[in-house]
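Chemist: Before I ask anything, let me first share the structure, which is written out below as structure tokens.
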2 protein chains.
Amino acid sequence: MDIREIAKRAKVSTATVSRTINRVPTVSPALAKRVWSVIEELGYYPNTQARALVSGRSRIFGLIISEITNPFFPEIVQVFETIAVQHRYEILLTSTGNDPARMESAVRRMIERRVEGVAILTFGMEEVLLEDLKLRKVPLVFVDVGPPRPRVSNIRIDYLNGIRQAVQHLAALRHEKIAFITGPLRLKSAMARKQAFLRSMQEIGLEADPRLVVEGDHTLEGGMAAFTQLLAGPVRPTAVLCSNDMTAIGVMRESHDAGISIPRDLSVIGFDDIRLAQFVIPPLTSVQMSQPELARLAFNALLAEVERDVPAPNGTEYVLKTNLVLRESTGLLAGASKPAEKQQ
Amino acid sequence: MDIREIAKRAKVSTATVSRTINRVPTVSPALAKRVWSVIEELGYYPNTQARALVSGRSRIFGLIISEITNPFFPEIVQVFETIAVQHRYEILLTSTGNDPARMESAVRRMIERRVEGVAILTFGMEEVLLEDLKLRKVPLVFVDVGPPRPRVSNIRIDYLNGIRQAVQHLAALRHEKIAFITGPLRLKSAMARKQAFLRSMQEIGLEADPRLVVEGDHTLEGGMAAFTQLLAGPVRPTAVLCSNDMTAIGVMRESHDAGISIPRDLSVIGFDDIRLAQFVIPPLTSVQMSQPELARLAFNALLAEVERDVPAPNGTEYVLKTNLVLRESTGLLAGASKPAEKQQ
DNA sequence: AGGTTTGCAGAAAACGTTTTCTTAATTATG
DNA sequence: CATAATTAAGAAAACGTTTTCTGCAAACCT
């Protein structure tokens with residue numbers, strides 16, 4: 001059943017049916033009513049591929065993430081999808097596992113489906129592979145990529161704000177031996193978090209002991225391994241800041257096994273503030289990077305680019321703040337006396 | 001840039017280009033080589049919507065799940081997507097939150113995109129809304145829906161196997177006051193799990209105290225609430241079996257706050273065996289329902305239906321087994337003596 | 001009243017492929 | 001060697017829409 005069938009039964013041309021469906025105002029109410037009633041009656045749904053073909057608009061956005069099984073991403077996907085549906089867009093989702101081969105295949109498939117834009121939320125693994133997309137003038141939005149280029153927008157995460165709060169929070173609790181477990185350092189975002197940590201330490205005159213900075217991989221297991229490594233090292237940290245929440249949860253898991261009590265013997269801070277952070281024991285203090293907000297920014301960046309009729313010379317830069325949210329995984333350094341007492 | 005451009009430059013007809021791309025064997029190697037080199041040179045990617053339009057095959061499957069933020073689903077999505085890509089299919093993903101309105105919109109969008117099949121993994125919220133799909137003869141695969149119908153396959157979960165193991169495991173540890181926290185009972189799957197529990201209890205002559213069966217909602221918070229309700233009740237359970245892992249994790253969280261030690265004071269068993277179950281403290285004993293396997297079954301069911309040239313009168317029924325996996329959240333009833341001692 | 005807008009709706013072209021139909025050239029057959 | 005069968009590749013139709021182009025009638029101006 002197609003538009004011609006509708007046209008025939010409503011005794012109008014296919015053009016009129018098309019105009020009716022698309023609510024073009026020039027079609028007279030009488031005809032429109034007739035057309036709609038036939039459409040209802042036959043349960044006709046227009047064929048999107050035919051529409052896309054002639055109109056040149058697929059109404060599809062691509063969404064590239066690292067791993068859907070990483071709890072950081074599902075909420076982003078959820079929000080992105082919800083907004084997309086509201087705007088009558090469909091989304092083509094791919095987890096690439098940060099694997100260049102899979103990224104390439106994803107990009108290719110998206111081009112073949114003629115997506116109108118792609119949000120790349122892999123936090124720093126893009127660059128190389130996306131030439132094809134740029135070449136085809138597909139609007140893109142990245143996280144943490146350099147300065148905006150034509151049709152390429154950027155969401156800059158203000159890591160420093162939240163991480164500084166975290167470091168200062170620990171310092172205020174008298175911690176000085178503060179460890180940092182990084183993410184995989186080939187990710188720009190992981191590098192940026194590490195830099196923000198180092199800088200925050202320096203700002204308040206604390207030495208960031210290189211032996212207390214170890215590399216993780218943003219997974220729970222990676223967090224466990226990294227913490228084991230810290231425990232085996234020469235300096236025992238009293239607090240550990242992690243590049244993401246899964247890492248922090250790994251640390252909590254491992255320290256439980258090692259009989260280290262949180263927050264009594266060790267303070268732990270995560271990053272991302274995924275939902276699960278509220279539910280671990282004890283609830284995890286974390287630097288929040290709002291996932292819904294990130295999804296919204298990414299979608300709107302694409303939409304703005306698509307709907308712009310005068311193409312801007314460059315994409316827009318958006319900024320996402322980060323903020324510390326206090327829970328129960330941090331505490332006063334064991335054995336630290338209160339300042340008042342110290343002064344006496 | 002389109003197929004005609006390629007044809008012109010390779011000095012062949014568009015038909016030949018099309019045949020080359022689709023690896024139709026009748027095209028001579030010499031021509032094929034010429035065509036491919038032009039394709040490479042120009043970086044040409046075929047337009048999927050044009051292909052779909054004329055061939056009548058969209059190479060898209062729909063995947064409807066309850067909530068992507070529920071940790072049970074991401075792994076399913078992951079595996080489903082991976083297999084789909086291998087078969088050159090794309091997937092249209094929707095979380096419906098079990099909301100009929102969202103389900104309806106999802107179905108409509110999928111029909112408009114002319115999906116070739118839809119996997120509905122909502123575990124028992126389908127029925128009503130899918131008439132449209134059935135009407136259009138779209139192959140479907142459900143979980144836990146009744147007997148197979150034309151073009152509708154079914155994955156039957158063998159709940160009893162795993163739940164019986166769980167109940168018998170608890171019984172073997174001398175538990176008798178075994179509570180059960182259900183899922184939302186409007187889900188058929190939740191009902192089925194509850195029934196399997198009741199039956200397993202009965203089989204071994206244990207009374208399932210109705211006061212120990214409370215309704216949860218398959219969320220962590222729901223688990224906390226349900227357990228609180230149990231604690232406030234007249235009978236204190238020594239073990240609790242949960243309709244899914246998130247519920248069980250909620251119970252663990254709540255019992256920690258209430259100073260109840262697991263497994264010393266309380267044994268807890270989950271259902272699903274999501275990855276997180278291994279990482280909670282203590283690691284959660286759970287009834288495994290393999291998510292990768294489920295995803296594979298669902299995809300293959302659709303693929304089989306699509307590739308069948310003689311349409312079978314009915315869809316196929318697949319069965320997914322469940323099995324208990326032991327970890328550390330279950331233990332001998334406090335105060336129970338060993339059987340040998342008892343007999344002395 | 002005669003010409004010029006304006007408004008509505010149909011006819012037909014276009015979108016980029018696949019696929020069917022045709023044709024020309026080659027190979028097999030008696 | 002003539003004819004039939006086979007093969008390779010081009011021409012053209014088809015897929016289901018949107019959109020441009022046309023045409024006609026009604027409304028508007030001097």
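Here, A, B, ... name the chains of the structure tokens in the order displayed, residue numbers run from 1 inside each chain, and ligands are numbered from 1 in the same displayed order.
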Please report as a PyMOL selection string which residues of chain A come no farther than 10 Å from chain C, using only C-alpha atoms (C1' of nucleotides).
Modeler: chain A and resi 12-16+26-28+50-56
Chemist: Would you give me, as a VMD selection string, the residues in stretch 78-295 of chain A that DSSP reads as helix (DSSP H, G or I)?
Modeler: chain A and resid 78 to 86 100 to 112 127 to 135 159 to 172 188 to 203 210 to 212 220 to 232 245 to 257 275 to 278 291 to 295
Chemist: Compile the residues of chain A that lie within 7 Å of chain B, evaluated using only C-alpha atoms, and express the compilation as a list in words.
Modeler: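 My answer is Tyr45, Pro46, Asn47, Thr48, Gln49, Ala50, Leu53, Ile68, Thr69, Pro74, Glu75, Gln78, Leu92, Glu112 and Arg113 of chain A.
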Chemist: Can I get the selection written as a PDB file, in the first residue's frame, with C-alpha atoms?
Modeler:
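Contents of part-v7.pdb, freshly written:
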ATOM      1  CA  TYR A  45       2.478   4.610   7.096  1.00  0.00           C
ATOM      2  CA  PRO A  46       4.741   6.498   4.714  1.00  0.00           C
ATOM      3  CA  ASN A  47       7.930   4.828   3.533  1.00  0.00           C
ATOM      4  CA  THR A  48      10.831   6.607   5.131  1.00  0.00           C
ATOM      5  CA  GLN A  49      13.416   5.537   2.619  1.00  0.00           C
ATOM      6  CA  ALA A  50      11.479   6.937  -0.281  1.00  0.00           C
ATOM      7  CA  LEU A  53      15.719   9.615  -0.999  1.00  0.00           C
ATOM      8  CA  ILE A  68      27.345   0.418  25.995  1.00  0.00           C
ATOM      9  CA  THR A  69      28.209  -1.962  28.816  1.00  0.00           C
ATOM     10  CA  PRO A  74      23.364   4.034  28.936  1.00  0.00           C
ATOM     11  CA  GLU A  75      21.945   7.159  30.454  1.00  0.00           C
ATOM     12  CA  GLN A  78      18.620   7.092  26.835  1.00  0.00           C
ATOM     13  CA  LEU A  92      22.074   4.779  14.761  1.00  0.00           C
ATOM     14  CA  GLU A 112      25.858   4.711   3.723  1.00  0.00           C
ATOM     15  CA  ARG A 113      22.726   5.451   5.705  1.00  0.00           C
TER      16      ARG A 113
END
Chemist: Skip stretch 30-37 of chain A itself and residues of its chain fewer than 3 positions away, then list as a ChimeraX atom specification all residues within 9 Å of it, counting only C-alpha atoms (C1' of nucleotides).
Modeler: /A:6-7,9-12,16-17,19-21,23,27,40-42
Chemist: Chain D residues within 9 Å of chain B, counting only C-alpha atoms (C1' of nucleotides): which ones, as a VMD selection string?
Modeler: chain D and resid 7 to 11 14 to 16
Chemist: Rounded to one decimal, what separation in Å do you get between atom CA of A:Val268 and atom CA of A:Gly331?
Modeler: 8.9 Å
Chemist: Could you fit chain A onto chain B by least squares over every C-alpha atom, paired in order, and give me the moved chain as a compact mmCIF listing (two decimals) with C-alpha atoms, in the first residue's frame?
Modeler:
# COMPACT_ATOMS: atom_id res chain seq x y z
CA MET A 1 28.36 11.55 -6.33
CA ASP A 2 26.32 8.59 -7.42
CA ILE A 3 26.42 5.36 -9.33
CA ARG A 4 26.00 7.20 -12.62
CA GLU A 5 29.12 9.18 -12.01
CA ILE A 6 30.98 5.94 -11.43
CA ALA A 7 29.43 4.42 -14.53
CA LYS A 8 30.45 7.34 -16.64
CA ARG A 9 34.02 7.37 -15.47
CA ALA A 10 34.41 3.62 -15.79
CA LYS A 11 32.74 3.76 -19.19
CA VAL A 12 30.14 1.16 -18.31
CA SER A 13 26.42 1.24 -17.57
CA THR A 14 25.00 1.81 -14.12
CA ALA A 15 23.75 -1.74 -14.21
CA THR A 16 27.28 -2.99 -14.43
CA VAL A 17 28.38 -0.81 -11.54
CA SER A 18 25.52 -2.13 -9.45
CA ARG A 19 26.40 -5.69 -10.36
CA THR A 20 30.02 -5.09 -9.53
CA ILE A 21 29.21 -3.69 -6.11
CA ASN A 22 26.90 -6.56 -5.36
CA ARG A 23 29.47 -9.03 -6.58
CA VAL A 24 27.20 -10.56 -9.17
CA PRO A 25 29.43 -13.19 -10.78
CA THR A 26 28.47 -12.49 -14.37
CA VAL A 27 30.48 -9.33 -14.63
CA SER A 28 33.82 -9.82 -16.30
CA PRO A 29 36.93 -9.40 -14.15
CA ALA A 30 38.31 -6.71 -16.41
CA LEU A 31 35.26 -4.50 -16.05
CA ALA A 32 34.94 -5.19 -12.36
CA LYS A 33 38.48 -4.09 -11.80
CA ARG A 34 37.89 -0.88 -13.69
CA VAL A 35 34.75 -0.18 -11.74
CA TRP A 36 36.30 -0.88 -8.36
CA SER A 37 39.21 1.37 -9.04
CA VAL A 38 36.90 4.27 -9.87
CA ILE A 39 34.90 3.55 -6.72
CA GLU A 40 38.03 3.58 -4.61
CA GLU A 41 39.33 6.66 -6.25
CA LEU A 42 36.20 8.68 -5.67
CA GLY A 43 35.49 7.18 -2.25
CA TYR A 44 32.00 6.30 -3.34
CA TYR A 45 29.58 4.79 -0.80
CA PRO A 46 26.25 3.52 -2.08
CA ASN A 47 23.07 5.17 -0.84
CA THR A 48 21.30 2.74 1.41
CA GLN A 49 17.89 4.29 1.09
CA ALA A 50 17.88 4.02 -2.66
CA ARG A 51 18.99 0.42 -2.37
CA ALA A 52 16.37 -0.36 0.20
CA LEU A 53 13.68 1.32 -1.82
CA VAL A 54 14.12 -0.71 -4.93
CA SER A 55 15.23 -3.98 -3.40
CA GLY A 56 12.52 -3.90 -0.77
CA ARG A 57 15.02 -4.84 1.93
CA SER A 58 15.96 -2.25 4.50
CA ARG A 59 18.53 -4.42 6.26
CA ILE A 60 17.33 -3.02 9.55
CA PHE A 61 16.08 -4.92 12.56
CA GLY A 62 14.24 -3.28 15.41
CA LEU A 63 15.22 -4.00 18.98
CA ILE A 64 12.78 -3.06 21.70
CA ILE A 65 13.93 -3.28 25.28
CA SER A 66 12.61 -1.99 28.58
CA GLU A 67 15.32 0.33 29.80
CA ILE A 68 18.80 0.74 28.54
CA THR A 69 19.76 2.06 31.96
CA ASN A 70 18.84 -1.25 33.52
CA PRO A 71 22.20 -3.07 33.60
CA PHE A 72 20.59 -6.21 32.32
CA PHE A 73 20.17 -4.80 28.84
CA PRO A 74 23.40 -3.22 27.68
CA GLU A 75 25.12 -6.52 27.19
CA ILE A 76 22.19 -7.78 25.14
CA VAL A 77 22.33 -4.67 23.01
CA GLN A 78 26.04 -5.05 22.59
CA VAL A 79 25.90 -8.65 21.42
CA PHE A 80 22.86 -8.07 19.24
CA GLU A 81 24.56 -5.16 17.56
CA THR A 82 27.78 -7.04 16.98
CA ILE A 83 26.01 -9.94 15.30
CA ALA A 84 23.85 -7.57 13.30
CA VAL A 85 26.86 -5.76 11.92
CA GLN A 86 28.40 -9.06 10.93
CA HIS A 87 25.32 -9.76 8.88
CA ARG A 88 25.28 -6.27 7.40
CA TYR A 89 22.20 -5.31 9.35
CA GLU A 90 21.63 -2.08 11.19
CA ILE A 91 19.64 -1.91 14.36
CA LEU A 92 16.99 0.52 15.51
CA LEU A 93 17.03 0.52 19.28
CA THR A 94 14.28 1.73 21.58
CA SER A 95 13.84 1.68 25.32
CA THR A 96 10.19 1.89 26.06
CA GLY A 97 10.25 1.94 29.81
CA ASN A 98 7.34 -0.47 29.45
CA ASP A 99 5.21 2.52 28.66
CA PRO A 100 2.48 1.63 26.15
CA ALA A 101 2.59 5.06 24.53
CA ARG A 102 6.31 4.81 23.92
CA MET A 103 5.95 1.27 22.67
CA GLU A 104 3.38 2.40 20.20
CA SER A 105 5.53 5.23 18.92
CA ALA A 106 8.45 2.84 18.63
CA VAL A 107 6.44 0.38 16.61
CA ARG A 108 5.24 3.10 14.33
CA ARG A 109 8.73 4.44 13.69
CA MET A 110 9.96 0.96 12.96
CA ILE A 111 7.23 0.32 10.45
CA GLU A 112 8.00 3.61 8.74
CA ARG A 113 11.63 2.58 8.45
CA ARG A 114 10.44 -0.73 7.04
CA VAL A 115 12.37 -2.90 9.47
CA GLU A 116 12.66 -6.50 8.38
CA GLY A 117 12.03 -7.86 11.83
CA VAL A 118 11.70 -6.83 15.45
CA ALA A 119 13.02 -8.40 18.62
CA ILE A 120 10.85 -7.50 21.57
CA LEU A 121 12.80 -8.10 24.74
CA THR A 122 10.50 -6.45 27.21
CA PHE A 123 9.74 -9.67 29.02
CA GLY A 124 6.02 -9.58 28.97
CA MET A 125 4.58 -6.19 28.04
CA GLU A 126 3.86 -6.77 24.41
CA GLU A 127 0.61 -8.32 23.33
CA VAL A 128 -1.70 -5.43 22.83
CA LEU A 129 0.42 -3.07 20.87
CA LEU A 130 1.95 -5.20 18.25
CA GLU A 131 -1.04 -5.89 16.10
CA ASP A 132 0.27 -3.43 13.58
CA LEU A 133 3.46 -5.38 13.19
CA LYS A 134 1.75 -8.71 12.91
CA LEU A 135 -0.64 -7.25 10.40
CA ARG A 136 2.23 -6.16 8.23
CA LYS A 137 3.79 -9.59 8.41
CA VAL A 138 6.95 -8.33 10.03
CA PRO A 139 8.86 -11.21 11.61
CA LEU A 140 8.90 -10.90 15.36
CA VAL A 141 10.63 -12.60 18.22
CA PHE A 142 9.39 -12.38 21.78
CA VAL A 143 10.50 -13.65 25.11
CA ASP A 144 7.96 -15.66 27.03
CA VAL A 145 5.03 -15.13 24.78
CA GLY A 146 2.60 -17.96 24.17
CA PRO A 147 2.74 -20.59 21.44
CA PRO A 148 4.36 -19.62 18.13
CA ARG A 149 2.22 -17.99 15.49
CA PRO A 150 2.94 -17.26 11.85
CA ARG A 151 6.13 -15.22 11.60
CA VAL A 152 6.27 -14.87 15.38
CA SER A 153 8.99 -16.80 17.15
CA ASN A 154 9.32 -17.23 20.83
CA ILE A 155 12.18 -17.62 23.24
CA ARG A 156 10.96 -19.55 26.19
CA ILE A 157 12.99 -19.08 29.31
CA ASP A 158 13.26 -22.15 31.43
CA TYR A 159 12.89 -20.32 34.71
CA LEU A 160 12.14 -23.41 36.71
CA ASN A 161 15.49 -25.03 36.20
CA GLY A 162 17.54 -22.24 37.75
CA ILE A 163 15.05 -21.24 40.40
CA ARG A 164 14.65 -24.80 41.54
CA GLN A 165 18.42 -25.02 41.93
CA ALA A 166 18.35 -21.81 43.94
CA VAL A 167 15.61 -23.00 46.26
CA GLN A 168 17.22 -26.36 46.75
CA HIS A 169 20.53 -24.71 47.42
CA LEU A 170 18.93 -22.64 50.17
CA ALA A 171 17.11 -25.65 51.55
CA ALA A 172 20.36 -27.56 51.65
CA LEU A 173 21.78 -24.75 53.74
CA ARG A 174 18.86 -25.36 56.16
CA HIS A 175 16.90 -22.29 55.23
CA GLU A 176 13.15 -22.63 55.53
CA LYS A 177 11.97 -19.07 55.95
CA ILE A 178 12.72 -18.11 52.40
CA ALA A 179 11.38 -14.83 51.13
CA PHE A 180 10.78 -13.95 47.51
CA ILE A 181 10.80 -10.44 46.11
CA THR A 182 8.96 -10.41 42.82
CA GLY A 183 9.23 -8.09 39.86
CA PRO A 184 6.34 -5.92 38.70
CA LEU A 185 3.59 -8.50 38.40
CA ARG A 186 2.13 -7.08 35.24
CA LEU A 187 5.21 -8.52 33.53
CA LYS A 188 4.61 -12.07 32.50
CA SER A 189 8.23 -12.88 33.16
CA ALA A 190 7.93 -11.65 36.74
CA MET A 191 4.87 -13.81 37.22
CA ALA A 192 6.65 -16.79 35.77
CA ARG A 193 9.57 -16.36 38.15
CA LYS A 194 7.26 -16.15 41.09
CA GLN A 195 5.40 -19.26 40.00
CA ALA A 196 8.66 -21.09 39.55
CA PHE A 197 9.59 -20.15 43.10
CA LEU A 198 6.30 -21.32 44.56
CA ARG A 199 6.48 -24.54 42.67
CA SER A 200 10.07 -25.19 43.67
CA MET A 201 9.19 -24.68 47.32
CA GLN A 202 6.23 -26.98 47.07
CA GLU A 203 8.24 -29.67 45.34
CA ILE A 204 10.44 -30.07 48.37
CA GLY A 205 7.63 -29.74 50.85
CA LEU A 206 8.48 -26.26 52.05
CA GLU A 207 5.74 -23.83 52.76
CA ALA A 208 6.00 -20.54 50.88
CA ASP A 209 4.70 -18.15 53.48
CA PRO A 210 2.59 -15.54 51.65
CA ARG A 211 3.84 -12.90 54.09
CA LEU A 212 7.32 -13.55 52.74
CA VAL A 213 6.39 -12.89 49.14
CA VAL A 214 6.46 -9.18 48.40
CA GLU A 215 6.34 -7.23 45.18
CA GLY A 216 9.30 -5.26 43.92
CA ASP A 217 9.85 -3.54 40.61
CA HIS A 218 13.16 -4.89 39.35
CA THR A 219 15.05 -1.78 40.43
CA LEU A 220 17.63 -1.35 43.10
CA GLU A 221 15.43 1.09 44.99
CA GLY A 222 12.52 -1.29 44.68
CA GLY A 223 14.66 -3.99 46.23
CA MET A 224 15.54 -1.72 49.13
CA ALA A 225 11.90 -0.87 49.70
CA ALA A 226 10.74 -4.45 49.47
CA PHE A 227 13.33 -5.60 51.93
CA THR A 228 12.37 -2.86 54.35
CA GLN A 229 8.85 -4.12 54.07
CA LEU A 230 10.00 -7.65 54.86
CA LEU A 231 11.91 -6.47 57.90
CA ALA A 232 8.81 -4.73 59.19
CA GLY A 233 6.73 -7.87 58.74
CA PRO A 234 5.85 -10.49 61.32
CA VAL A 235 8.21 -13.18 60.06
CA ARG A 236 11.90 -12.60 59.66
CA PRO A 237 13.26 -14.48 56.62
CA THR A 238 16.68 -16.09 56.78
CA ALA A 239 17.07 -16.10 53.03
CA VAL A 240 15.70 -14.03 50.21
CA LEU A 241 15.44 -14.89 46.57
CA CYS A 242 14.97 -12.00 44.19
CA SER A 243 13.34 -11.72 40.82
CA ASN A 244 16.40 -9.98 39.43
CA ASP A 245 19.89 -8.92 40.42
CA MET A 246 19.17 -5.23 40.85
CA THR A 247 16.56 -6.13 43.43
CA ALA A 248 19.08 -8.35 45.19
CA ILE A 249 21.63 -5.59 45.19
CA GLY A 250 19.03 -3.33 46.76
CA VAL A 251 18.48 -5.93 49.45
CA MET A 252 22.20 -6.11 50.11
CA ARG A 253 22.40 -2.36 50.33
CA GLU A 254 19.50 -2.15 52.73
CA SER A 255 20.62 -5.01 54.90
CA HIS A 256 24.02 -3.41 55.21
CA ASP A 257 22.37 -0.28 56.55
CA ALA A 258 20.31 -2.40 58.93
CA GLY A 259 23.42 -4.10 60.23
CA ILE A 260 22.45 -7.46 58.83
CA SER A 261 25.49 -9.33 57.60
CA ILE A 262 25.41 -11.32 54.40
CA PRO A 263 25.73 -14.27 54.28
CA ARG A 264 26.01 -14.74 58.06
CA ASP A 265 22.58 -13.43 59.01
CA LEU A 266 20.92 -13.55 55.64
CA SER A 267 21.40 -15.42 52.40
CA VAL A 268 20.59 -13.57 49.19
CA ILE A 269 20.17 -14.90 45.68
CA GLY A 270 19.61 -12.79 42.59
CA PHE A 271 18.40 -13.58 39.11
CA ASP A 272 19.90 -12.73 35.70
CA ASP A 273 23.53 -12.85 36.71
CA ILE A 274 24.46 -9.48 35.32
CA ARG A 275 28.14 -8.67 35.28
CA LEU A 276 27.84 -6.43 38.30
CA ALA A 277 26.78 -9.42 40.40
CA GLN A 278 30.38 -10.54 40.52
CA PHE A 279 31.54 -7.26 41.90
CA VAL A 280 29.20 -6.44 44.72
CA ILE A 281 30.29 -7.20 48.23
CA PRO A 282 29.95 -10.05 48.83
CA PRO A 283 29.74 -11.40 45.27
CA LEU A 284 26.16 -12.33 44.59
CA THR A 285 24.93 -15.86 44.07
CA SER A 286 22.55 -15.62 41.16
CA VAL A 287 20.51 -17.58 38.68
CA GLN A 288 22.15 -17.05 35.35
CA MET A 289 20.14 -16.24 32.27
CA SER A 290 22.83 -15.70 29.67
CA GLN A 291 22.44 -12.33 28.04
CA PRO A 292 24.73 -13.05 25.10
CA GLU A 293 22.88 -16.27 24.46
CA LEU A 294 19.55 -14.49 24.61
CA ALA A 295 20.74 -11.87 22.14
CA ARG A 296 22.02 -14.54 19.81
CA LEU A 297 18.80 -16.49 19.93
CA ALA A 298 16.77 -13.38 19.22
CA PHE A 299 18.91 -12.31 16.30
CA ASN A 300 19.03 -15.73 14.76
CA ALA A 301 15.29 -16.13 15.10
CA LEU A 302 14.78 -13.00 13.03
CA LEU A 303 17.42 -13.86 10.52
CA ALA A 304 16.03 -17.36 10.03
CA GLU A 305 12.59 -15.94 9.42
CA VAL A 306 13.87 -13.36 6.96
CA GLU A 307 15.98 -15.77 4.96
CA ARG A 308 13.38 -18.46 4.77
CA ASP A 309 12.08 -18.47 1.22
CA VAL A 310 9.29 -20.92 1.88
CA PRO A 311 7.59 -19.18 4.78
CA ALA A 312 7.04 -21.60 7.62
CA PRO A 313 3.49 -21.82 8.93
CA ASN A 314 4.70 -20.79 12.35
CA GLY A 315 7.69 -19.19 14.02
CA THR A 316 10.11 -21.35 15.90
CA GLU A 317 10.32 -21.81 19.62
CA TYR A 318 13.71 -21.50 21.24
CA VAL A 319 14.54 -22.34 24.82
CA LEU A 320 16.99 -20.61 27.10
CA LYS A 321 18.10 -22.52 30.19
CA THR A 322 18.78 -20.87 33.51
CA ASN A 323 21.36 -22.09 35.99
CA LEU A 324 22.41 -21.24 39.49
CA VAL A 325 25.89 -19.81 39.88
CA LEU A 326 27.25 -19.95 43.38
CA ARG A 327 29.14 -17.05 44.86
CA GLU A 328 29.39 -15.76 48.37
CA SER A 329 26.05 -14.27 49.29
CA THR A 330 24.58 -17.52 50.56
CA GLY A 331 25.57 -19.50 53.60
CA LEU A 332 24.51 -22.08 56.13
CA LEU A 333 21.63 -20.97 58.31
CA ALA A 334 23.01 -19.30 61.42
CA GLY A 335 22.72 -21.72 64.30
CA ALA A 336 22.07 -24.72 62.12
CA SER A 337 24.04 -27.72 63.14
CA LYS A 338 25.39 -30.16 60.63
CA PRO A 339 23.15 -33.12 59.81
CA ALA A 340 25.64 -35.55 61.25
CA GLU A 341 25.59 -33.70 64.55
CA LYS A 342 21.84 -33.46 64.52
CA GLN A 343 21.50 -37.19 64.25
CA GLN A 344 23.80 -37.88 67.12
Chemist: So which bits of stretch 17-235 of chain B end up strand (DSSP E) when you DSSP the backbone, as a PDB file with C-alpha atoms, in the first residue's frame?
Modeler:
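The new file out27.pdb reads:
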ATOM      1  CA  ILE B  60      17.295  -3.030   9.562  1.00  0.00           C
ATOM      2  CA  PHE B  61      16.047  -4.929  12.563  1.00  0.00           C
ATOM      3  CA  GLY B  62      14.203  -3.279  15.410  1.00  0.00           C
ATOM      4  CA  LEU B  63      15.187  -4.007  18.987  1.00  0.00           C
ATOM      5  CA  ILE B  64      12.748  -3.059  21.692  1.00  0.00           C
ATOM      6  CA  ILE B  65      13.896  -3.277  25.288  1.00  0.00           C
ATOM      7  CA  GLU B  90      21.611  -2.112  11.201  1.00  0.00           C
ATOM      8  CA  ILE B  91      19.599  -1.924  14.378  1.00  0.00           C
ATOM      9  CA  LEU B  92      16.958   0.502  15.504  1.00  0.00           C
ATOM     10  CA  LEU B  93      17.016   0.507  19.277  1.00  0.00           C
ATOM     11  CA  THR B  94      14.263   1.724  21.571  1.00  0.00           C
ATOM     12  CA  SER B  95      13.818   1.684  25.310  1.00  0.00           C
ATOM     13  CA  GLY B 117      11.995  -7.872  11.838  1.00  0.00           C
ATOM     14  CA  VAL B 118      11.661  -6.824  15.452  1.00  0.00           C
ATOM     15  CA  ALA B 119      12.984  -8.406  18.623  1.00  0.00           C
ATOM     16  CA  ILE B 120      10.821  -7.491  21.569  1.00  0.00           C
ATOM     17  CA  LEU B 121      12.766  -8.099  24.740  1.00  0.00           C
ATOM     18  CA  LEU B 140       8.858 -10.906  15.362  1.00  0.00           C
ATOM     19  CA  VAL B 141      10.579 -12.605  18.228  1.00  0.00           C
ATOM     20  CA  PHE B 142       9.358 -12.373  21.778  1.00  0.00           C
ATOM     21  CA  VAL B 143      10.449 -13.647  25.111  1.00  0.00           C
ATOM     22  CA  VAL B 152       6.215 -14.871  15.373  1.00  0.00           C
ATOM     23  CA  SER B 153       8.938 -16.790  17.145  1.00  0.00           C
ATOM     24  CA  ASN B 154       9.261 -17.222  20.846  1.00  0.00           C
ATOM     25  CA  ILE B 155      12.122 -17.617  23.239  1.00  0.00           C
ATOM     26  CA  ARG B 156      10.896 -19.557  26.193  1.00  0.00           C
ATOM     27  CA  ILE B 157      12.945 -19.085  29.309  1.00  0.00           C
ATOM     28  CA  ASP B 158      13.210 -22.165  31.434  1.00  0.00           C
ATOM     29  CA  ILE B 178      12.724 -18.093  52.386  1.00  0.00           C
ATOM     30  CA  ALA B 179      11.373 -14.809  51.120  1.00  0.00           C
ATOM     31  CA  PHE B 180      10.767 -13.934  47.498  1.00  0.00           C
ATOM     32  CA  ILE B 181      10.793 -10.427  46.105  1.00  0.00           C
ATOM     33  CA  THR B 182       8.944 -10.399  42.813  1.00  0.00           C
ATOM     34  CA  VAL B 213       6.388 -12.870  49.140  1.00  0.00           C
ATOM     35  CA  VAL B 214       6.469  -9.157  48.389  1.00  0.00           C
ATOM     36  CA  GLU B 215       6.332  -7.196  45.180  1.00  0.00           C
TER      37      GLU B 215
END
